[in-house]
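*Asks:* I am sharing data39.txt, which consists of compact mmCIF, C-alpha atoms and all ligand atoms:
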# COMPACT_ATOMS: atom_id res chain seq x y z
CA MET A 270 33.22 89.20 -3.13
CA ARG A 271 34.86 89.33 -6.52
CA ILE A 272 33.04 92.42 -7.71
CA PRO A 273 34.77 93.89 -10.73
CA ASN A 274 35.20 97.70 -10.65
CA LEU A 275 34.09 98.00 -7.03
CA THR A 276 32.35 101.31 -6.43
CA THR A 277 30.58 102.72 -3.38
CA THR A 278 27.25 101.98 -4.98
CA LYS A 279 28.16 98.39 -5.60
CA LEU A 280 29.47 97.99 -2.05
CA LEU A 281 26.32 99.52 -0.58
CA GLU A 282 24.19 97.10 -2.55
CA GLU A 283 26.03 94.12 -1.16
CA GLY A 284 24.40 92.01 1.58
CA PRO A 285 25.88 92.32 5.08
CA ASP A 286 26.66 88.64 5.52
CA SER A 287 28.60 88.54 2.30
CA ILE A 288 30.60 91.64 3.37
CA SER A 289 31.38 90.07 6.74
CA LYS A 290 32.67 86.94 5.09
CA ALA A 291 34.70 88.78 2.44
CA ALA A 292 36.22 91.10 5.06
CA LYS A 293 38.17 88.22 6.57
CA ALA A 294 40.48 88.44 3.56
CA ILE A 295 41.14 92.20 3.84
CA SER A 296 44.76 93.03 4.67
CA ASN A 297 44.13 96.39 6.32
CA PRO A 298 43.48 95.45 9.99
CA PHE A 299 41.20 98.44 10.68
CA TRP A 300 38.81 97.80 7.83
CA GLN A 301 38.96 94.10 8.47
CA ALA A 302 37.85 94.60 12.08
CA VAL A 303 35.05 96.98 11.10
CA LEU A 304 33.73 95.10 8.13
CA THR A 305 33.74 91.62 9.64
CA LYS A 306 31.21 93.00 12.15
CA MET A 307 28.96 94.12 9.31
CA SER A 308 26.33 91.41 9.67
CA PRO A 309 25.62 91.80 13.43
CA LEU A 310 25.94 95.57 13.11
CA GLU A 311 23.40 95.80 10.32
CA SER A 312 21.05 93.53 12.19
CA ALA A 313 21.34 95.43 15.48
CA PHE A 314 20.83 98.72 13.68
CA TYR A 315 17.54 97.69 12.15
CA ASN A 316 16.33 95.98 15.31
CA SER A 317 17.15 98.80 17.70
CA ASN A 318 15.66 101.74 15.91
CA SER A 319 11.98 101.69 15.09
CA THR A 320 12.13 104.83 12.97
CA VAL A 321 14.59 103.24 10.62
CA LYS A 322 13.12 102.44 7.24
CA VAL A 323 13.31 98.68 7.03
CA GLU A 324 12.37 98.93 3.35
CA GLU A 325 15.97 99.82 2.56
CA ARG A 326 17.32 96.57 3.95
CA VAL A 327 19.27 94.57 1.40
CA VAL A 328 17.64 91.15 1.08
CA TRP A 329 20.56 89.21 -0.38
CA ASP A 330 23.16 87.51 1.81
CA ASN A 331 21.35 88.81 4.85
CA LEU A 332 20.69 86.52 7.82
CA ALA A 333 17.33 88.22 8.39
CA PHE A 334 15.98 86.73 5.17
CA GLN A 335 16.41 83.03 4.85
CA GLN A 336 15.23 79.96 3.11
CA ASN A 337 15.90 76.53 4.61
CA GLY A 338 18.18 78.14 7.17
CA LEU A 339 20.42 79.94 4.67
CA PRO A 340 20.36 83.54 3.44
CA PHE A 341 19.31 84.09 -0.16
CA SER A 342 22.53 83.99 -2.11
CA ARG A 343 23.18 86.67 -4.68
CA ARG A 344 25.72 84.55 -6.43
CA SER A 345 23.43 81.60 -7.08
CA ASN A 346 20.68 83.67 -8.68
CA THR A 347 20.41 85.51 -11.98
CA THR A 348 21.20 89.21 -12.20
CA MET A 349 17.68 89.76 -13.50
CA LEU A 350 16.49 88.80 -10.04
CA THR A 351 19.31 90.18 -7.88
CA ARG A 352 19.59 93.55 -9.61
CA ASN A 353 15.89 94.31 -9.81
CA PHE A 354 15.12 93.11 -6.29
CA ASN A 355 17.95 94.26 -4.07
CA SER A 356 16.13 95.72 -1.08
CA ILE A 357 12.64 95.37 0.37
CA LYS A 358 11.35 98.50 -1.35
CA ASP A 359 12.14 96.99 -4.76
CA PHE A 360 9.24 94.59 -4.25
CA ILE A 361 6.81 97.49 -4.29
CA SER A 362 4.99 97.96 -7.57
CA LYS A 363 5.54 101.27 -9.37
CA THR A 364 1.97 101.22 -10.65
CA THR A 365 0.02 100.21 -7.54
CA ASN A 366 2.47 101.36 -4.84
CA VAL A 367 1.98 98.13 -2.88
CA LEU A 368 3.55 94.68 -3.10
CA MET A 369 3.84 93.54 -6.70
CA GLY A 370 1.53 90.88 -7.96
CA GLU A 371 3.01 87.77 -9.50
CA HIS A 372 1.75 88.86 -12.93
CA GLU A 373 4.00 91.93 -12.75
CA VAL A 374 7.18 89.88 -12.55
CA LYS A 375 6.16 86.89 -14.63
CA ASN A 376 7.51 88.36 -17.85
CA ASN A 377 11.00 88.80 -16.47
CA LEU A 378 11.40 85.89 -14.11
CA LYS A 379 11.00 82.32 -15.25
CA GLY A 380 10.65 78.98 -13.50
CA SER A 381 12.96 78.65 -10.52
CA GLN A 382 13.62 82.41 -10.43
CA LEU A 383 9.93 83.08 -10.00
CA GLN A 384 9.86 80.47 -7.27
CA THR A 385 12.79 82.16 -5.51
CA TRP A 386 11.04 85.49 -5.87
CA ASN A 387 7.95 84.06 -4.17
CA GLN A 388 10.07 82.57 -1.41
CA MET A 389 11.74 85.93 -0.86
CA VAL A 390 8.36 87.62 -0.67
CA ALA A 391 7.33 85.01 1.90
CA SER A 392 10.50 85.52 3.91
CA ILE A 393 10.18 89.33 3.85
CA THR A 394 6.52 89.04 4.81
CA GLU A 395 7.48 86.87 7.76
CA TYR A 396 10.10 89.43 8.75
CA LEU A 397 7.64 92.33 8.48
CA THR A 398 4.98 90.42 10.39
CA SER A 399 7.42 89.75 13.20
CA LYS A 400 7.93 93.51 13.49
CA ASN A 401 4.18 94.14 13.40
CA LEU A 402 4.45 95.71 9.99
CA THR A 403 2.73 94.85 6.74
CA TRP A 404 3.52 95.53 3.10
CA TYR A 405 1.25 98.55 3.35
CA ASP A 406 3.73 100.17 5.70
CA ILE A 407 6.39 99.73 3.05
CA GLY A 408 4.38 100.97 0.12
CA SER A 409 3.03 104.03 1.90
CA SER A 410 6.31 105.88 2.26
CA GLY A 411 7.33 105.71 -1.37
CA SER A 412 7.33 109.48 -1.67
CA GLY A 413 10.00 110.02 0.96
CA PRO A 414 13.73 110.18 0.31
CA GLN A 415 15.39 106.83 -0.07
CA HIS A 416 18.79 105.69 0.97
CA TRP A 417 20.87 103.46 -1.17
CA GLY A 418 21.41 99.97 0.28
CA TRP A 419 22.70 100.18 3.85
CA SER A 420 23.99 103.76 3.55
CA ARG A 421 21.48 104.98 6.13
CA LEU A 422 23.45 103.04 8.66
CA VAL A 423 26.34 105.42 8.00
CA LEU A 424 24.33 108.63 7.96
CA GLU A 425 21.82 108.02 10.71
CA ASN A 426 22.14 110.24 13.82
CA SER A 427 22.61 113.31 11.70
CA LYS A 428 19.92 115.93 11.96
CA SER A 429 18.36 114.90 8.70
CA ARG A 430 15.96 112.67 10.61
CA LYS A 431 13.67 115.58 11.28
CA PHE A 432 13.19 116.13 7.61
CA TYR A 433 12.24 112.53 7.12
CA GLN A 434 9.32 112.88 9.53
CA LEU A 435 8.01 115.73 7.41
CA LEU A 436 8.49 114.01 4.12
CA MET A 437 7.14 110.62 5.12
CA GLN A 438 3.51 111.66 5.36
CA LYS A 439 1.15 109.26 3.74
CA PRO A 440 -0.47 110.44 0.53
CA ASN A 441 -4.27 110.65 0.91
CA ASP A 442 -5.12 108.94 -2.32
CA ALA A 443 -2.73 106.01 -2.02
CA PRO A 444 -3.86 103.28 -4.43
CA ARG A 445 -5.62 100.25 -3.01
CA ASN A 446 -4.16 96.80 -2.87
CA PRO A 447 -5.20 94.97 -6.07
CA ASN A 448 -6.11 91.93 -3.97
CA GLU A 449 -9.11 93.77 -2.59
CA GLN A 450 -10.58 93.92 -6.08
CA LYS A 451 -9.70 90.27 -6.64
CA TRP A 452 -11.62 89.25 -3.53
CA ARG A 453 -14.63 91.20 -4.76
CA GLU A 454 -14.43 89.52 -8.14
CA LYS A 455 -14.35 86.18 -6.39
CA GLY A 456 -17.74 86.94 -4.87
CA LEU A 457 -16.99 88.91 -1.71
CA THR A 458 -18.80 91.89 -3.18
CA THR A 459 -19.54 93.55 0.15
CA MET A 460 -15.86 93.87 1.07
CA THR A 461 -15.38 97.62 0.65
CA SER A 462 -12.12 99.55 1.03
CA GLU A 463 -13.37 100.75 4.37
CA ARG A 464 -13.88 97.19 5.59
CA PHE A 465 -10.46 96.17 4.34
CA ASP A 466 -8.90 99.07 6.22
CA LYS A 467 -10.48 97.78 9.43
CA MET A 468 -9.14 94.30 8.63
CA TYR A 469 -5.62 95.67 8.22
CA LYS A 470 -5.91 97.53 11.49
CA ASN A 471 -7.08 94.37 13.24
CA GLN A 472 -4.29 92.42 11.61
CA SER A 473 -1.69 94.85 12.96
CA LYS A 474 -3.20 94.66 16.47
CA LEU A 475 -3.39 90.88 16.41
CA ARG A 476 -1.35 89.17 19.11
CA CYS A 477 -1.07 85.44 18.60
CA GLY A 478 1.46 82.87 17.45
CA LEU A 479 3.60 84.36 14.70
CA ARG A 480 2.99 81.49 12.32
CA ILE A 481 -0.74 81.94 12.70
CA LYS A 482 -0.47 85.70 12.29
CA TRP A 483 1.52 85.21 9.13
CA GLU A 484 -1.05 82.85 7.63
CA GLU A 485 -3.82 85.27 8.57
CA PHE A 486 -2.02 88.00 6.68
CA ARG A 487 -1.54 85.76 3.68
CA ILE A 488 -5.25 84.96 3.54
CA LEU A 489 -6.13 88.66 3.60
CA TRP A 490 -3.58 89.19 0.90
CA GLY A 491 -5.02 86.26 -1.10
CA ARG A 492 -1.67 84.53 -1.28
CA GLN A 493 -1.75 81.57 1.07
CA GLU A 494 0.57 78.76 0.01
CA LEU A 495 -2.11 76.29 -1.12
CA ASN A 496 -2.11 73.52 -3.69
CA ARG A 497 -3.22 75.78 -6.53
CA TYR A 498 0.30 77.27 -6.64
CA LYS A 499 1.76 73.95 -7.60
CA ALA A 500 0.66 74.71 -11.16
CA ASN A 501 3.24 77.51 -11.27
CA TYR A 502 6.19 75.69 -9.77
CA SER A 503 8.34 72.94 -11.04
CA ASN A 504 7.92 70.74 -8.03
CA THR A 505 10.95 68.80 -6.92
CA ARG A 506 8.94 66.39 -4.81
CA GLY A 507 7.00 65.28 -7.83
CA ASP A 508 3.70 66.22 -6.26
CA ASN A 509 1.89 68.56 -8.61
CA LYS A 510 -1.63 68.01 -7.38
CA THR A 511 -3.50 71.32 -7.38
CA THR A 512 -6.76 69.95 -6.01
CA CYS A 513 -8.10 70.21 -2.46
CA SER A 514 -6.13 68.20 0.11
CA TYR A 515 -9.36 67.09 1.77
CA CYS A 516 -11.96 66.34 -0.89
CA GLY A 517 -9.68 66.17 -3.94
CA HIS A 518 -12.41 67.52 -6.20
CA TYR A 519 -11.69 71.20 -6.71
CA ILE A 520 -8.70 73.51 -7.05
CA GLU A 521 -7.44 74.29 -3.59
CA ASP A 522 -7.67 78.03 -3.08
CA GLU A 523 -8.82 80.08 -0.08
CA ILE A 524 -12.46 80.24 -1.21
CA HIS A 525 -12.71 76.51 -1.69
CA LEU A 526 -10.78 75.58 1.41
CA TYR A 527 -12.55 77.86 3.89
CA ILE A 528 -15.99 78.22 2.32
CA ASP A 529 -16.98 75.72 -0.37
CA CYS A 530 -15.33 72.45 0.63
CA ASP A 531 -17.72 69.84 2.10
CA THR A 532 -15.06 68.28 4.32
CA SER A 533 -13.93 71.51 5.90
CA GLY A 534 -17.59 72.60 6.00
CA THR A 535 -18.41 69.68 8.28
CA PHE A 536 -15.47 70.67 10.43
CA TRP A 537 -16.71 74.27 10.75
CA GLU A 538 -19.97 72.86 12.11
CA ASP A 539 -18.27 70.48 14.54
CA ALA A 540 -16.03 73.24 15.83
CA GLU A 541 -18.96 75.60 16.21
CA GLU A 542 -20.87 72.98 18.19
CA TRP A 543 -17.92 72.47 20.53
CA TYR A 544 -17.42 76.21 20.91
CA GLN A 545 -21.03 76.80 21.74
CA ALA A 546 -21.08 74.04 24.34
CA ALA A 547 -17.83 75.21 25.95
CA PHE A 548 -18.28 79.00 25.85
CA GLY A 549 -21.95 79.62 25.14
CA VAL A 550 -21.01 81.59 22.03
CA ALA A 551 -22.34 80.58 18.62
CA PRO A 552 -20.27 82.04 15.78
CA PRO A 553 -22.35 82.50 12.61
CA LEU A 554 -21.19 80.32 9.73
CA LEU A 555 -23.38 81.63 6.93
CA LEU A 556 -21.34 84.68 5.97
CA ASN A 557 -18.26 84.24 3.82
CA GLY A 558 -16.41 87.34 5.05
CA PRO A 559 -15.96 86.18 8.66
CA ARG A 560 -14.97 82.67 7.54
CA LEU A 561 -12.10 84.15 5.55
CA PHE A 562 -11.11 87.22 7.52
CA GLY A 563 -12.99 87.24 10.82
CA MET A 564 -15.08 90.16 12.03
CA GLU A 565 -13.51 93.52 11.41
CA ASN A 566 -15.69 95.39 13.89
CA GLU A 567 -14.62 93.21 16.81
CA PRO A 568 -11.15 93.25 18.36
CA PRO A 569 -8.84 90.47 17.17
CA ASP A 570 -8.97 88.72 20.57
CA ASP A 571 -12.77 88.72 20.60
CA LEU A 572 -14.20 85.22 21.16
CA LEU A 573 -15.72 85.14 17.69
CA ASN A 574 -12.49 86.17 16.00
CA ILE A 575 -10.58 83.57 18.02
CA PHE A 576 -13.02 80.97 16.75
CA TYR A 577 -12.71 81.90 13.08
CA ARG A 578 -8.94 82.21 13.25
CA CYS A 579 -8.43 78.87 15.02
CA VAL A 580 -10.72 77.03 12.61
CA ARG A 581 -8.87 78.48 9.63
CA TYR A 582 -5.49 77.52 10.98
CA THR A 583 -6.68 74.04 11.91
CA ILE A 584 -7.97 73.55 8.37
CA PHE A 585 -4.76 74.93 6.91
CA MET A 586 -2.46 72.80 9.05
CA GLY A 587 -4.61 69.68 8.82
CA ARG A 588 -4.16 69.44 5.05
CA LYS A 589 -0.94 67.49 5.34
CA ARG A 590 -1.77 65.58 8.49
CA ALA A 591 -5.09 63.84 8.20
CA ALA A 592 -8.13 63.24 6.03
CA THR A 593 -10.14 65.79 7.99
CA PRO A 594 -9.20 68.76 10.22
CA GLU A 595 -8.84 67.67 13.83
CA LEU A 596 -11.00 69.04 16.62
CA ARG A 597 -8.30 68.24 19.17
CA TYR A 598 -5.85 70.51 17.36
CA PHE A 599 -8.48 73.25 17.19
CA VAL A 600 -9.09 73.05 20.95
CA SER A 601 -5.38 73.34 21.66
CA LEU A 602 -5.19 76.47 19.47
CA VAL A 603 -8.15 78.01 21.29
CA LYS A 604 -6.42 77.28 24.58
CA ASP A 605 -3.23 79.02 23.39
CA GLU A 606 -5.22 82.07 22.34
CA LEU A 607 -7.14 82.27 25.63
CA LYS A 608 -3.93 81.83 27.58
CA LEU A 609 -2.60 84.98 25.87
CA LYS A 610 -5.88 86.80 26.22
CA TYR A 611 -6.35 86.17 29.93
CA SER A 612 -2.76 85.99 31.09
CA GLY A 613 -1.71 87.94 34.19
CA ASN A 614 -3.94 90.84 35.03
CA LYS A 615 -5.60 90.83 31.65
CA ILE A 616 -8.17 88.43 33.03
CA LEU A 617 -9.57 91.25 35.19
CA LYS A 618 -10.41 93.28 32.11
CA HIS A 619 -12.74 90.53 30.92
CA ALA A 620 -13.97 89.13 34.22
CA ASP A 621 -17.14 91.21 34.37
CA ASN A 622 -18.07 90.59 30.77
CA GLN A 623 -21.03 88.24 30.75
CA SER A 624 -20.16 86.71 27.38
CA GLU A 625 -16.63 85.84 28.53
CA LYS A 626 -17.64 84.19 31.83
CA LYS A 627 -17.85 80.67 30.47
CA ALA A 628 -14.60 80.96 28.56
CA ILE A 629 -12.79 82.26 31.64
CA ALA A 630 -14.20 79.44 33.75
CA TRP A 631 -13.16 76.89 31.12
CA MET A 632 -9.68 78.35 30.98
CA ARG A 633 -9.32 78.35 34.79
CA GLU A 634 -10.20 74.71 34.86
CA GLN A 635 -7.83 73.86 32.02
CA MET A 636 -4.91 75.75 33.49
CA GLY A 637 -5.58 75.03 37.15
CA TRP A 638 -5.80 78.77 37.84
CA VAL A 639 -7.02 79.42 41.38
CA LEU A 640 -9.49 82.14 42.31
CA HIS A 641 -7.96 84.64 44.67
CA ASN A 642 -10.38 85.17 47.50
CA ARG A 643 -10.07 88.53 49.11
CA ARG A 644 -11.72 87.54 52.36
CA ALA A 645 -8.88 85.76 54.02
CA SER A 646 -10.16 83.64 56.86
CA PRO A 647 -9.05 84.93 60.30
CA ASN A 648 -7.09 82.54 62.46
ZN ZN B 701 -12.28 70.35 -0.76
When written as structure tokens, how does the structure in this file appear?
*Replies:*
Amino acid sequence: MRIPNLTTTKLLEEGPDSISKAAKAISNPFWQAVLTKMSPLESAFYNSNSTVKVEERVVWDNLAFQQNGLPFSRRSNTTMLTRNFNSIKDFISKTTNVLMGEHEVKNNLKGSQLQTWNQMVASITEYLTSKNLTWYDIGSSGSGPQHWGWSRLVLENSKSRKFYQLLMQKPNDAPRNPNEQKWREKGLTTMTSERFDKMYKNQSKLRCGLRIKWEEFRILWGRQELNRYKANYSNTRGDNKTTCSYCGHYIEDEIHLYIDCDTSGTFWEDAEEWYQAAFGVAPPLLLNGPRLFGMENEPPDDLLNIFYRCVRYTIFMGRKRAATPELRYFVSLVKDELKLKYSGNKILKHADNQSEKKAIAWMREQMGWVLHNRRASPN
């Protein structure tokens, strides 16, 4: 690893993959055997134990956090980035107690380092989402005791765990995510803290494709990777267009893409027409809140929420594929969602619900599901 003046602190800060690789050169056979297993050990530890604080995970040289199939390398980034952002909890803002905004790091990180920082945030978000966590789960435990680097791995199983439970209680007046205010400033004035809390709860209950879930979280967070970001990055592909992928007239941000754009607006109407014909449900299109976040008072697998979510993802994905979002793609997303919703015995839960009858019938036809008839004919 070539760390000068190696201390315990420095070793604990090191990423597991880099320790595993370096251990191959250790002469002591015991430590070599132990330390070469560091990467799988660290990974198994954090996967097996749900009470473990994932926020302490070191993000460098760790196979859990990757970009283009490779872990983020400590050695190829500046110390300004690697020292200040060593584990997940370092991405939490000291002032707001939730994920830092880009403006908070802009002064220290320039150009490609800022880009790497954003990619790390994306990778960590993906990791958290896959564990059904959000950044709020990370920020909320800031008052508890923290371990340094992967040292918890060494100390876990001692009786100290009981104390953690006591100390981890969420403070009542935890600050709100600054994005909530930003959404209100952008015109969603009726989005109160209470409504956002319901959104977060729905987001954590949401069961759908992980990529879709991740994009849903990024919309709520106001940080979807849209063309407007190209203004911040030095783009290697030479494409620095910040305008809408569909109409080309306005800056592509969430508000334009899902609410204001004429092209996607036409698609919302087409999709609604199809949905109404297929399921007898007409999702309202006039309100901006549901278009962006769905309906917080309905469960995430409610037919209306499925509609809003699938339209959003179709619009998002269609940007690179075609001149307009594709209805065919939308229908296939809806089918995936209903497959999850009605799979196995879950269909029984919805079978008596009048508003679901058409959707269930449609799904049966699509999937070739057969009705089980209880009255077996006697021979
Ligand atoms: Zn547009």
*Asks:* Hey, can you check how far CA of Phe314 in chain A sits from CA of Val327 in chain A?
*Replies:*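 Separation of CA of Phe314 in chain A and CA of Val327 in chain A: 13.1 Å.
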*Asks:* Let me see if you get this right: every residue at most 10 Å from ligand ZN 701 (chain B), counting only C-alpha atoms and all ligand atoms, written as a PyMOL selection string.
*Replies:* chain A and resi 512-522+524-534
*Asks:* For range 334-336 of chain A, find every residue with an atom within 12 Å (counting all atoms listed in the file), except residues of its own chain fewer than 5 positions away, and show them as a list of chain:residue names.
*Replies:* A:Gly284, A:Pro285, A:Asp286, A:Ser312, A:Arg326, A:Val327, A:Val328, A:Trp329, A:Phe341, A:Ser342, A:Ser356, A:Ile357, A:Gln384, A:Thr385, A:Trp386, A:Asn387, A:Gln388, A:Met389, A:Val390, A:Ala391, A:Ser392, A:Ile393, A:Thr394, A:Glu395, A:Tyr396, A:Leu397
*Asks:* Return the single residue from A:Thr535, A:Asn471, A:Ser289, A:Thr365 that is closest to Asn566 in chain A, with distances computed using all atoms listed in the file.
*Replies:*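 The answer is A:Asn471, which sits nearest to Asn566 in chain A.
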*Asks:* Just the residues within 10 Å of Glu606 in chain A, please, counting only C-alpha atoms, with nothing from its chain fewer than 2 positions along; format it as number ranges by chain.
*Replies:* A: 476-478, 570, 572, 575-576, 578-579, 600-604, 608-612
*Asks:* Looking at A:Asn331, A:Asn557, A:Gln635, A:Thr348, which one is nearest to Thr459 in chain A, with distances taken over all atoms listed in the file?
*Replies:*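 Closest candidate: A:Asn557.
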*Asks:* By how many Å are CA of Gln545 in chain A and CA of Arg560 in chain A apart?
*Replies:*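 Distance reported for this atom pair: 16.5 Å.
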*Asks:* Considering all atoms listed in the file, state which residue in the set A:Leu332, A:Val374, A:Leu475, A:Ile481 is at the smallest distance from Ala313 in chain A.
*Replies:*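 Among the listed residues, A:Leu332 lies closest to Ala313 in chain A.
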*Asks:* Enter the distance from CA of Thr511 in chain A to CA of Asn496 in chain A, in Å, rounded to one decimal.
*Replies:* 4.5 Å
*Asks:* Pick the closest to Phe562 in chain A from A:Pro447, A:Pro340, A:Pro594, A:Gly491: which is it, counting only C-alpha atoms?
*Replies:*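 Looking only at the distances to Phe562 in chain A, the closest residue turns out to be A:Gly491.
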*Asks:* Tell me which protein, DNA and RNA residues are within 12 Å of Lys375 in chain A, counting only C-alpha atoms, leaving out same-chain ones fewer than 5 positions away, and put them as an NGL selection string.
*Replies:* :A and (349-350 or 369-370 or 380-384 or 386-387 or 501)
